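The structure appears right after this line, and notes come after that.
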There are 2 protein chains.
Amino acid sequence: MGLMNETHDPALRSWVASAHAAGTDFPLQNLPFASFRRQGSNEAFRGGVAIGDQILDLALAARTGVFTGEAALALQAGAEERLNALMALGPKAWSALRLALSRALREGAAEQTRLADCLVPQAVAEYGVPARIGDYTDFYTSVHHATNIGRQFRPDNPLLPNYKWIPIGYHGRASSIGVSGQAFHRPRGQTLAAGATQPSLEPCQRLDIELELGIFVGTGNPLGEPVPVTEAEDHVFGLCLLNDWSARDIQAWEYQPLGPFLSKNFATTLSPWIVTLEALAPYRVPFERPADDPQPLPYLDSEANRRQGSLDIQLQVALQTPKMRDAGQAGATICRTSYRHAYWTVAQMVAHHTVNGCNLQPGDLFGSGTLSGPTLDQAGALIELTTGGKNPLSLPNGERRTWLEDGDSVVIRGWCEKAGAARIGFGECVGTVLPARS
Amino acid sequence: MGLMNETHDPALRSWVASAHAAGTDFPLQNLPFASFRRQGSNEAFRGGVAIGDQILDLALAARTGVFTGEAALALQAGAEERLNALMALGPKAWSALRLALSRALREGAAEQTRLADCLVPQAVAEYGVPARIGDYTDFYTSVHHATNIGRQFRPDNPLLPNYKWIPIGYHGRASSIGVSGQAFHRPRGQTLAAGATQPSLEPCQRLDIELELGIFVGTGNPLGEPVPVTEAEDHVFGLCLLNDWSARDIQAWEYQPLGPFLSKNFATTLSPWIVTLEALAPYRVPFERPADDPQPLPYLDSEANRRQGSLDIQLQVALQTPKMRDAGQAGATICRTSYRHAYWTVAQMVAHHTVNGCNLQPGDLFGSGTLSGPTLDQAGALIELTTGGKNPLSLPNGERRTWLEDGDSVVIRGWCEKAGAARIGFGECVGTVLPARS
C-alpha cells in the first residue's frame, strides 16, 4: 500500500471542469469518500466521491453497471448508507475502485456519458457521519502538545516517563460524533472554582478546541490477533479532519484517576470527506525522531515506517466570532501546522492498539490527538495558544479570545501540496458553539 | 418505575415446573432477557426469556400471536437478533410485556398450549452479547475499591478529592465485550519491570478480575438534552454480571495521564441474562451515605434515590484452577459482597453521564466499577484481595494464587433473596484465561 501509481500523475485531467479550479481540494488525484444526500430531502444517505465541486453518487453509478470485477464490487459496497462495507473490503478493493474511478473520470473516458448523470453538486448536499463508528479511540501523538500541557501542571517535568515509549491513547465516545456543520450547546458540568472548597454545576467557562486528524479503520482484526506494524496500514481506510471539543474546567476536576470523560464526550466534529491513504502517498515523509530519544520497541518499528511513516498534511484552524460573521468576514487563522510533526505514526497506532489482541472493526475511528507543532503558533488548542488562559489571543478585528464564546465557529482545514504533485485537500470541518441550555 | 406489582407476588406458580426448583435463578418473578440460539446451529440469534431451566423463544412466541396491544409490539421487538429494539421501546412497553409474560406463564394460563411449543432448554442454548453495544462506559462506584486501590499508591491520602462528588467514569471498549463462556489469550503489552529503566513487551504477569455489574441503557436521550435524576431509571433496561479483566502491570505503565487502555480492552465478559429493573424492585434499599460525607449535588439527588436508589444484589466470585477442573471440583469462592455498598446509584450514573448533554442510545452499557464491599474479603479484584500481590490467596485444595494463571476460570454469580420475596438470580458470568499467543 501507499505506493505511487498512475492515479497520482499530476498531469491527469478530468472531464469535470471544476476539478481544475485553482485551489480546489478535490482534483482527480484525490477522490475522497463521504456519505451524503441532497439537503432537506428524505433521500437515503449513500456513498459519494468528491470531484471538483461535484459528488459522484456511488448508488447511481453502481446502477449504471459502469465497472466490472473488483471495482464493481467495491462500488456496490460504497453505495450503501455508510461506508463500513467498503471499508471492510480491504486495500486491494479500495485500490481497484480508485483506479477505475480515476480512469472513468478522465478527459476522454468512455464512461463520461453514463457518469455525467451521476453527479450531484456539493452545493446542494448534506453529509452524514461517514461510517457507523463502533469504537472511537483518541490518541495523544504530538509530543509538543503533551509537553505544552504537561508544563502547565509540572513545569520541571512536563513529559511523563511513558510518553516516548507508548503511543498513549484512550477510549472516547462514539455517539456524540457529528459531521461538519455540527452546532452544540455549551456543556454544563462539575467544576471546582479557584479557591472553592466544593464543586458546583456550571456551564463550562473554559471551552476549547483540539485540532486533530481522524483515522478510519478499514479491515479489522479478530479478537486475540494483533496486527503487525508491517501490515498496519492495510487496515487503514483513510483520514479526515477532527475537532475534539474540550471543556478544560470540567476536565481538570474530573480526570483523575481514569482520564477525561464528560469534558470530551458532549461533541466531536469530523469533516465529511475521508481522504484515502493511497491518495496521500505523494505526501509521505520519513518518520523522524531525535537521535537521543528512545527508539521504538520492535513491535512499533519497521523499515517502511522509518522511511515513509509520516504524512505532511498542512493544517489550519480559523476562528470566526459572531461579530466577524455579522461583518461578512471569514474566520481569523489562529494556528497553522503540519501532521508531519507527530511523534507516533498511523501504523504505530494500529500496531499498539492491537498488540494486546484488541479487535478493530471496519468503521472504527482513531483521533490523532491535538496536533501541535514545535512552536507556539503551531499549537492546536487554546489552552496552549493562551498559555492556560493567561494570554488571550488578539484577533485582527480587535476582539480578544481566551476560550470559546457562544456563537463562535471554528473551521479546520487540511491539505497537501508540493512541487511535482497535485494539491489535494480535506475540505472543511466546521463547528459552532450554542449557548448552554437553561 | 420500580413499583411493586402483581408480577412480584412470591406465591405465583408457573406451568413450567423447573421454575420452582430449589435455588433456581429464574422463577416466574424474574423473567430476564437474553439473545440466544441452539448450540452449534446456524439459527439466527433471537431474544429469549428465562423461565426455570427453559428459554421462552420470543421469535416463536411472536409468531403465535399470543399477545395483543403494547405487549405484542414489545414481544415482536424482543424477537430480533439483539435486544436493542425492545430496549428502545421504553418502560411502559417493558412493563406491559413483563405482565403479559407473567400471566401467560402462570399455572392455568390459557396461553400454555401455544407457549409450551416455544420453549428451548437452556442446556442446549448458546448466547450472544444481548445488544449491539454502541458505547460502553465503565464507572468506579465503590468507594471501598477506590480507597483500597488508592491506598496502594498514596497511603496517606487514598481517595482523590473528586471521588465523593463525581460518579467517576471513563469510556471503555465495546468491540471486545463477550458473553459468558468467553476464553481469551493472556494479553501482551508494554510493562516496566521493577528496577528496569526501559519497558519491554511481555505477556501480562499481573492478570486480574474486576467484579462488576453491567447496566444496559434502554431508551436514549437526544444529544444536548440531559436526563434529570428523577427520570434516570426510565432509561435503564436492566442489569447483568460483568467481569472487567484487567492487566495490572500494563495498566501501571500506560494509564497516566489519560486512563486505562490496553490494560482493559482485550476482553470484558457479560452474563447472558439481563434482569430488568422491574424484577429487581423488591430488592431496592435506601441509598445511604455517611452523614459527614458530602451529600450529592442537586442534579445527583432525589427523594426516590435516597429512599430506594440502591439494590441489594448478592455477588460472589469463584476461581476454578485447572487442577480443580481436572479433579471435578467447583471453583473456590474468593469474594462475596453486595451491590448495596456502592457509593453511587444507577440513577446517579445516568444523570451524571448526560448532564453535559452526552447522548445515550439503546443498548449502551455501563459497568458499575469493581464492587468491593467494606471488608477485605468483600473485595472484587485480586489486586485488593492480595494487597497488590503481596499476600497470595490460599485456595482450599492447597494451591495459591496471586494473579490469574493460564487455564484459570472465573465464575461470577449474582442473586437477590429475602423473606417475603421470591429469590431471583442472574445466572453465571464465566471466563477463562488462555496462554499468551507466541
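Please note that chains go A, B, ... in the order of the C-alpha cells, that every chain numbers its residues from 1, and that ligands are numbered from 1 in the order shown.
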
Which residues come within 8 Å of Leu365 (chain A), counting only C-alpha atoms, excluding same-chain residues fewer than 3 positions away, as a PyMOL selection string?
chain A and resi 133-137+214-217

Neighbour list for Ser246 (chain B) as a PyMOL selection string, cut-off 6 Å, only C-alpha atoms, skip fewer than 5 positions in-chain:
chain B and resi 207-209+263-264

From the options B:Lys418, B:Arg188, B:Arg423, B:Arg413, which residue's atoms come nearest to Asn243 (chain B), counting only C-alpha atoms?
B:Arg413

Identify all residues of region 275-341 of chain B in strand (DSSP E or B) (DSSP on the backbone) and supply them as a list in words.
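So, restricting region 275-341 of chain B to strand (DSSP E or B), we get Val275, Thr276, Arg284, Val285, Ser310, Leu311, Gln314, Leu315, Gln316, Val317, Ala318, Leu319, Gln320, Ala332, Thr333, Ile334, Cys335, Arg336, Thr337 and Ser338 of chain B.
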
Within 7 Å of Ser180 (chain B), counting only C-alpha atoms, which residues show up once you throw out same-chain ones fewer than 4 positions away? Write them as JSON, numbers by chain, please.
{"B": [269, 270, 271, 272, 429, 430, 431]}

If you count only C-alpha atoms, the residue of A:Ile168, A:Leu86, A:Ala196, A:Leu395 closest to chain B turns out to be A:Ile168

Selection: 12 Å around Leu28 (chain A), only C-alpha atoms, excl. self and same-chain fewer than 5 positions, as a PyMOL selection string:
chain A and resi 6-21+49-54+56+98-107+279+421-425

Go ahead and write the residues just picked, N, CA, C and O atoms, as a short mmCIF file (atom, residue, chain, number, x, y, z; two decimals), in the first residue's frame.
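Output saved as result_19.cif:
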```
data_model
loop_
_atom_site.label_atom_id
_atom_site.label_comp_id
_atom_site.auth_asym_id
_atom_site.auth_seq_id
_atom_site.Cartn_x
_atom_site.Cartn_y
_atom_site.Cartn_z
N GLU A 6 -0.39 5.34 -11.36
CA GLU A 6 -0.87 6.30 -12.36
C GLU A 6 -1.92 7.27 -11.80
O GLU A 6 -2.09 8.37 -12.32
N THR A 7 -2.64 6.88 -10.74
CA THR A 7 -3.68 7.77 -10.21
C THR A 7 -3.11 9.04 -9.59
O THR A 7 -3.85 9.98 -9.31
N HIS A 8 -1.80 9.06 -9.35
CA HIS A 8 -1.17 10.23 -8.73
C HIS A 8 -0.60 11.21 -9.76
O HIS A 8 -0.15 12.30 -9.38
N ASP A 9 -0.58 10.85 -11.03
CA ASP A 9 0.04 11.67 -12.06
C ASP A 9 -0.56 13.08 -12.05
O ASP A 9 -1.76 13.26 -12.30
N PRO A 10 0.23 14.11 -11.77
CA PRO A 10 -0.33 15.46 -11.67
C PRO A 10 -0.83 16.00 -13.01
O PRO A 10 -1.56 17.00 -13.03
N ALA A 11 -0.48 15.35 -14.11
CA ALA A 11 -0.93 15.83 -15.42
C ALA A 11 -2.34 15.36 -15.77
O ALA A 11 -2.93 15.83 -16.74
N LEU A 12 -2.88 14.45 -14.95
CA LEU A 12 -4.22 13.92 -15.26
C LEU A 12 -5.25 15.04 -15.26
O LEU A 12 -5.26 15.89 -14.38
N ARG A 13 -6.17 14.98 -16.23
CA ARG A 13 -7.26 15.97 -16.28
C ARG A 13 -8.60 15.24 -16.34
O ARG A 13 -8.73 14.18 -16.93
N SER A 14 -9.60 15.82 -15.70
CA SER A 14 -10.94 15.23 -15.64
C SER A 14 -11.89 15.94 -16.59
O SER A 14 -11.72 17.12 -16.90
N TRP A 15 -12.91 15.20 -17.03
CA TRP A 15 -13.99 15.85 -17.79
C TRP A 15 -14.91 16.67 -16.88
O TRP A 15 -15.78 17.39 -17.36
N VAL A 16 -14.72 16.59 -15.57
CA VAL A 16 -15.43 17.51 -14.66
C VAL A 16 -14.55 18.75 -14.53
O VAL A 16 -13.49 18.72 -13.88
N ALA A 17 -14.95 19.84 -15.17
CA ALA A 17 -14.08 21.01 -15.31
C ALA A 17 -13.65 21.58 -13.96
O ALA A 17 -12.51 22.02 -13.79
N SER A 18 -14.54 21.56 -12.97
CA SER A 18 -14.21 22.19 -11.68
C SER A 18 -13.10 21.45 -10.94
O SER A 18 -12.55 21.97 -9.97
N ALA A 19 -12.75 20.27 -11.39
CA ALA A 19 -11.63 19.55 -10.77
C ALA A 19 -10.30 20.26 -11.05
O ALA A 19 -9.27 19.91 -10.47
N HIS A 20 -10.33 21.25 -11.94
CA HIS A 20 -9.11 22.01 -12.28
C HIS A 20 -9.15 23.43 -11.76
O HIS A 20 -8.25 24.21 -12.03
N ALA A 21 -10.19 23.78 -11.02
CA ALA A 21 -10.28 25.13 -10.47
C ALA A 21 -9.09 25.37 -9.54
O ALA A 21 -8.66 24.46 -8.82
N VAL A 49 -18.18 10.29 -3.99
CA VAL A 49 -16.76 10.62 -4.17
C VAL A 49 -16.68 12.05 -4.70
O VAL A 49 -17.39 12.40 -5.65
N ALA A 50 -15.84 12.88 -4.07
CA ALA A 50 -15.72 14.27 -4.49
C ALA A 50 -14.87 14.38 -5.74
O ALA A 50 -13.79 13.77 -5.84
N ILE A 51 -15.35 15.16 -6.71
CA ILE A 51 -14.55 15.52 -7.89
C ILE A 51 -14.89 16.99 -8.21
O ILE A 51 -16.03 17.31 -8.55
N GLY A 52 -13.89 17.87 -8.04
CA GLY A 52 -14.15 19.30 -8.21
C GLY A 52 -15.22 19.74 -7.23
O GLY A 52 -15.16 19.43 -6.04
N ASP A 53 -16.23 20.46 -7.77
CA ASP A 53 -17.31 20.91 -6.89
C ASP A 53 -18.53 19.98 -6.96
O ASP A 53 -19.63 20.34 -6.55
N GLN A 54 -18.32 18.78 -7.45
CA GLN A 54 -19.39 17.79 -7.60
C GLN A 54 -19.15 16.59 -6.70
O GLN A 54 -18.04 16.37 -6.19
N LEU A 56 -19.71 12.43 -7.08
CA LEU A 56 -20.15 11.27 -7.85
C LEU A 56 -20.97 10.39 -6.92
O LEU A 56 -20.46 9.87 -5.92
N ARG A 98 -10.42 2.93 -6.79
CA ARG A 98 -9.76 4.22 -7.06
C ARG A 98 -9.26 4.29 -8.50
O ARG A 98 -9.44 5.30 -9.18
N LEU A 99 -8.65 3.21 -8.95
CA LEU A 99 -8.11 3.21 -10.32
C LEU A 99 -9.24 3.30 -11.34
O LEU A 99 -9.17 4.07 -12.31
N ALA A 100 -10.32 2.57 -11.10
CA ALA A 100 -11.45 2.61 -12.03
C ALA A 100 -12.09 4.00 -12.05
O ALA A 100 -12.43 4.53 -13.13
N LEU A 101 -12.23 4.61 -10.89
CA LEU A 101 -12.80 5.96 -10.82
C LEU A 101 -11.89 6.96 -11.51
O LEU A 101 -12.34 7.84 -12.25
N SER A 102 -10.59 6.83 -11.26
CA SER A 102 -9.63 7.76 -11.87
C SER A 102 -9.71 7.69 -13.40
O SER A 102 -9.75 8.72 -14.08
N ARG A 103 -9.77 6.47 -13.92
CA ARG A 103 -9.83 6.31 -15.38
C ARG A 103 -11.16 6.80 -15.94
O ARG A 103 -11.22 7.44 -16.99
N ALA A 104 -12.26 6.52 -15.24
CA ALA A 104 -13.59 6.85 -15.76
C ALA A 104 -13.87 8.35 -15.70
O ALA A 104 -14.73 8.85 -16.43
N LEU A 105 -13.16 9.06 -14.83
CA LEU A 105 -13.40 10.49 -14.69
C LEU A 105 -12.40 11.32 -15.50
O LEU A 105 -12.42 12.55 -15.47
N ARG A 106 -11.50 10.64 -16.23
CA ARG A 106 -10.51 11.37 -17.04
C ARG A 106 -11.12 11.92 -18.31
O ARG A 106 -12.07 11.35 -18.86
N GLU A 107 -10.54 12.99 -18.80
CA GLU A 107 -10.92 13.52 -20.11
C GLU A 107 -10.88 12.41 -21.14
O GLU A 107 -9.90 11.65 -21.20
N ALA A 279 -4.40 8.08 -1.73
CA ALA A 279 -4.34 9.45 -2.25
C ALA A 279 -3.23 10.26 -1.59
O ALA A 279 -2.65 11.17 -2.18
N ALA A 421 3.56 17.35 -7.54
CA ALA A 421 2.40 16.53 -7.18
C ALA A 421 1.16 17.41 -7.21
O ALA A 421 1.26 18.64 -7.07
N ALA A 422 0.01 16.79 -7.42
CA ALA A 422 -1.23 17.56 -7.41
C ALA A 422 -1.56 17.94 -5.97
O ALA A 422 -1.41 17.13 -5.05
N ARG A 423 -2.02 19.17 -5.78
CA ARG A 423 -2.51 19.59 -4.46
C ARG A 423 -3.83 18.86 -4.18
O ARG A 423 -4.71 18.80 -5.03
N ILE A 424 -3.95 18.28 -3.02
CA ILE A 424 -5.22 17.65 -2.63
C ILE A 424 -5.62 18.20 -1.26
O ILE A 424 -4.76 18.59 -0.47
N GLY A 425 -6.93 18.23 -0.98
CA GLY A 425 -7.38 18.80 0.28
C GLY A 425 -8.44 17.95 0.95
O GLY A 425 -8.97 16.99 0.37
#
```

Residues of chain A within 8 Å of chain B, counting only C-alpha atoms, what are they? List them as a PyMOL selection string.
chain A and resi 134-135+160+162+165-166+168-176+184-185+187-190+199-201+223-224+253-262+265-267+297+353+355-361

Deliver the residues from the most recent selection as a file, using N, CA and C atoms, as a compact mmCIF listing (two decimals), in the first residue's frame.
```txt
# COMPACT_ATOMS: atom_id res chain seq x y z
N GLY A 134 -18.02 2.01 15.46
CA GLY A 134 -18.22 1.08 16.57
C GLY A 134 -17.49 1.54 17.81
N ASP A 135 -16.24 1.87 17.66
CA ASP A 135 -15.43 2.35 18.78
C ASP A 135 -14.56 3.51 18.30
N LEU A 160 5.57 12.88 30.85
CA LEU A 160 5.57 11.68 31.70
C LEU A 160 6.52 10.63 31.12
N ASN A 162 6.31 7.55 30.35
CA ASN A 162 5.86 6.59 29.35
C ASN A 162 5.72 7.20 27.95
N TRP A 165 7.66 6.05 24.87
CA TRP A 165 7.62 4.60 24.64
C TRP A 165 6.28 4.11 24.11
N ILE A 166 5.22 4.77 24.54
CA ILE A 166 3.86 4.30 24.24
C ILE A 166 3.11 5.34 23.41
N ILE A 168 0.31 6.83 23.52
CA ILE A 168 -0.76 6.91 24.53
C ILE A 168 -2.11 7.13 23.84
N GLY A 169 -3.10 6.39 24.27
CA GLY A 169 -4.45 6.57 23.75
C GLY A 169 -5.47 6.22 24.82
N TYR A 170 -6.71 6.61 24.58
CA TYR A 170 -7.80 6.24 25.50
C TYR A 170 -9.08 6.20 24.70
N HIS A 171 -10.07 5.55 25.28
CA HIS A 171 -11.34 5.39 24.57
C HIS A 171 -12.18 6.65 24.66
N GLY A 172 -12.80 7.00 23.54
CA GLY A 172 -13.69 8.16 23.51
C GLY A 172 -15.13 7.73 23.25
N ARG A 173 -15.99 8.71 23.10
CA ARG A 173 -17.42 8.46 22.95
C ARG A 173 -17.81 8.50 21.48
N ALA A 174 -18.44 7.45 20.96
CA ALA A 174 -18.83 7.41 19.56
C ALA A 174 -20.17 8.11 19.31
N SER A 175 -21.08 8.07 20.28
CA SER A 175 -22.46 8.53 20.00
C SER A 175 -22.54 10.01 19.70
N SER A 176 -21.64 10.81 20.25
CA SER A 176 -21.75 12.26 20.09
C SER A 176 -20.84 12.80 18.98
N PHE A 184 -23.45 22.71 18.82
CA PHE A 184 -23.73 22.02 20.09
C PHE A 184 -23.82 23.05 21.21
N HIS A 185 -24.61 22.71 22.22
CA HIS A 185 -24.76 23.59 23.37
C HIS A 185 -23.53 23.51 24.25
N PRO A 187 -21.51 22.78 27.18
CA PRO A 187 -21.87 21.80 28.20
C PRO A 187 -21.86 22.39 29.60
N ARG A 188 -22.72 21.83 30.45
CA ARG A 188 -22.60 22.06 31.90
C ARG A 188 -21.81 20.92 32.51
N GLY A 189 -21.25 21.18 33.65
CA GLY A 189 -20.54 20.11 34.34
C GLY A 189 -20.04 20.56 35.69
N GLN A 190 -19.57 19.60 36.45
CA GLN A 190 -18.97 19.93 37.74
C GLN A 190 -17.62 20.56 37.53
N PRO A 199 -17.25 21.70 44.72
CA PRO A 199 -17.56 21.92 43.30
C PRO A 199 -19.00 22.41 43.13
N SER A 200 -19.30 22.90 41.94
CA SER A 200 -20.68 23.26 41.61
C SER A 200 -20.92 22.92 40.14
N LEU A 201 -22.20 22.85 39.79
CA LEU A 201 -22.59 22.53 38.41
C LEU A 201 -22.77 23.83 37.65
N LEU A 223 -10.44 -10.73 17.44
CA LEU A 223 -10.04 -10.61 18.85
C LEU A 223 -8.92 -11.61 19.14
N GLY A 224 -7.86 -11.13 19.75
CA GLY A 224 -6.75 -12.01 20.11
C GLY A 224 -5.63 -12.06 19.09
N TRP A 253 -11.20 18.93 36.89
CA TRP A 253 -11.81 18.40 38.13
C TRP A 253 -12.12 16.91 38.04
N GLU A 254 -12.41 16.40 36.83
CA GLU A 254 -12.90 15.02 36.72
C GLU A 254 -11.83 13.99 36.37
N TYR A 255 -10.68 14.42 35.80
CA TYR A 255 -9.91 13.45 35.02
C TYR A 255 -9.03 12.50 35.84
N GLN A 256 -8.84 12.76 37.12
CA GLN A 256 -8.07 11.83 37.94
C GLN A 256 -8.99 10.82 38.61
N PRO A 257 -8.73 9.54 38.61
CA PRO A 257 -7.55 8.88 38.03
C PRO A 257 -7.82 8.18 36.69
N LEU A 258 -9.03 8.29 36.10
CA LEU A 258 -9.35 7.41 34.96
C LEU A 258 -9.41 8.13 33.61
N GLY A 259 -9.07 9.42 33.59
CA GLY A 259 -8.98 10.11 32.31
C GLY A 259 -10.18 10.99 32.01
N PRO A 260 -10.12 11.73 30.89
CA PRO A 260 -11.20 12.65 30.51
C PRO A 260 -12.49 11.89 30.19
N PHE A 261 -13.63 12.49 30.52
CA PHE A 261 -14.91 11.82 30.32
C PHE A 261 -15.94 12.86 29.83
N LEU A 262 -16.65 13.51 30.76
CA LEU A 262 -17.67 14.48 30.33
C LEU A 262 -17.06 15.74 29.71
N ASN A 265 -17.03 14.29 25.88
CA ASN A 265 -17.99 13.45 25.16
C ASN A 265 -19.29 14.16 24.79
N PHE A 266 -19.32 15.50 24.89
CA PHE A 266 -20.54 16.23 24.51
C PHE A 266 -20.59 16.50 23.01
N ALA A 267 -19.45 16.46 22.32
CA ALA A 267 -19.44 16.66 20.86
C ALA A 267 -18.03 16.44 20.32
N LEU A 297 10.14 0.39 20.35
CA LEU A 297 10.30 -1.05 20.56
C LEU A 297 10.00 -1.77 19.25
N HIS A 353 -2.46 -0.48 19.32
CA HIS A 353 -3.86 -0.71 19.75
C HIS A 353 -4.20 -2.20 19.78
N VAL A 355 -1.82 -4.80 19.95
CA VAL A 355 -0.76 -5.70 20.42
C VAL A 355 -1.25 -6.61 21.55
N ASN A 356 -2.26 -6.17 22.27
CA ASN A 356 -2.83 -6.98 23.35
C ASN A 356 -3.96 -7.88 22.85
N GLY A 357 -4.21 -7.86 21.55
CA GLY A 357 -5.28 -8.67 21.00
C GLY A 357 -6.58 -7.92 20.78
N CYS A 358 -6.62 -6.65 21.16
CA CYS A 358 -7.86 -5.87 20.98
C CYS A 358 -8.27 -5.90 19.50
N ASN A 359 -9.55 -6.14 19.26
CA ASN A 359 -10.03 -6.22 17.88
C ASN A 359 -10.54 -4.87 17.37
N LEU A 360 -10.08 -4.51 16.19
CA LEU A 360 -10.59 -3.34 15.46
C LEU A 360 -11.64 -3.82 14.48
N GLN A 361 -12.60 -2.94 14.18
CA GLN A 361 -13.66 -3.29 13.23
C GLN A 361 -13.78 -2.21 12.17
```

In terms of the shortest atom-to-atom distance over only C-alpha atoms, which of A:Pro435, A:Gly40, A:Gly78, A:Pro228 is closest to Val350 (chain A)?
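With only C-alpha atoms as the atom set, the closest residue is A:Pro228.
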
Determine which residues of region 72-217 of chain A DSSP labels as alpha helix (DSSP H) from the backbone of this structure, then write them out as a PyMOL selection string.
chain A and resi 72-78+84-89+91-104+112-116+143-153

Between CA of Glu405 (chain A) and CA of Val317 (chain A) lies a distance of 16.0 Å
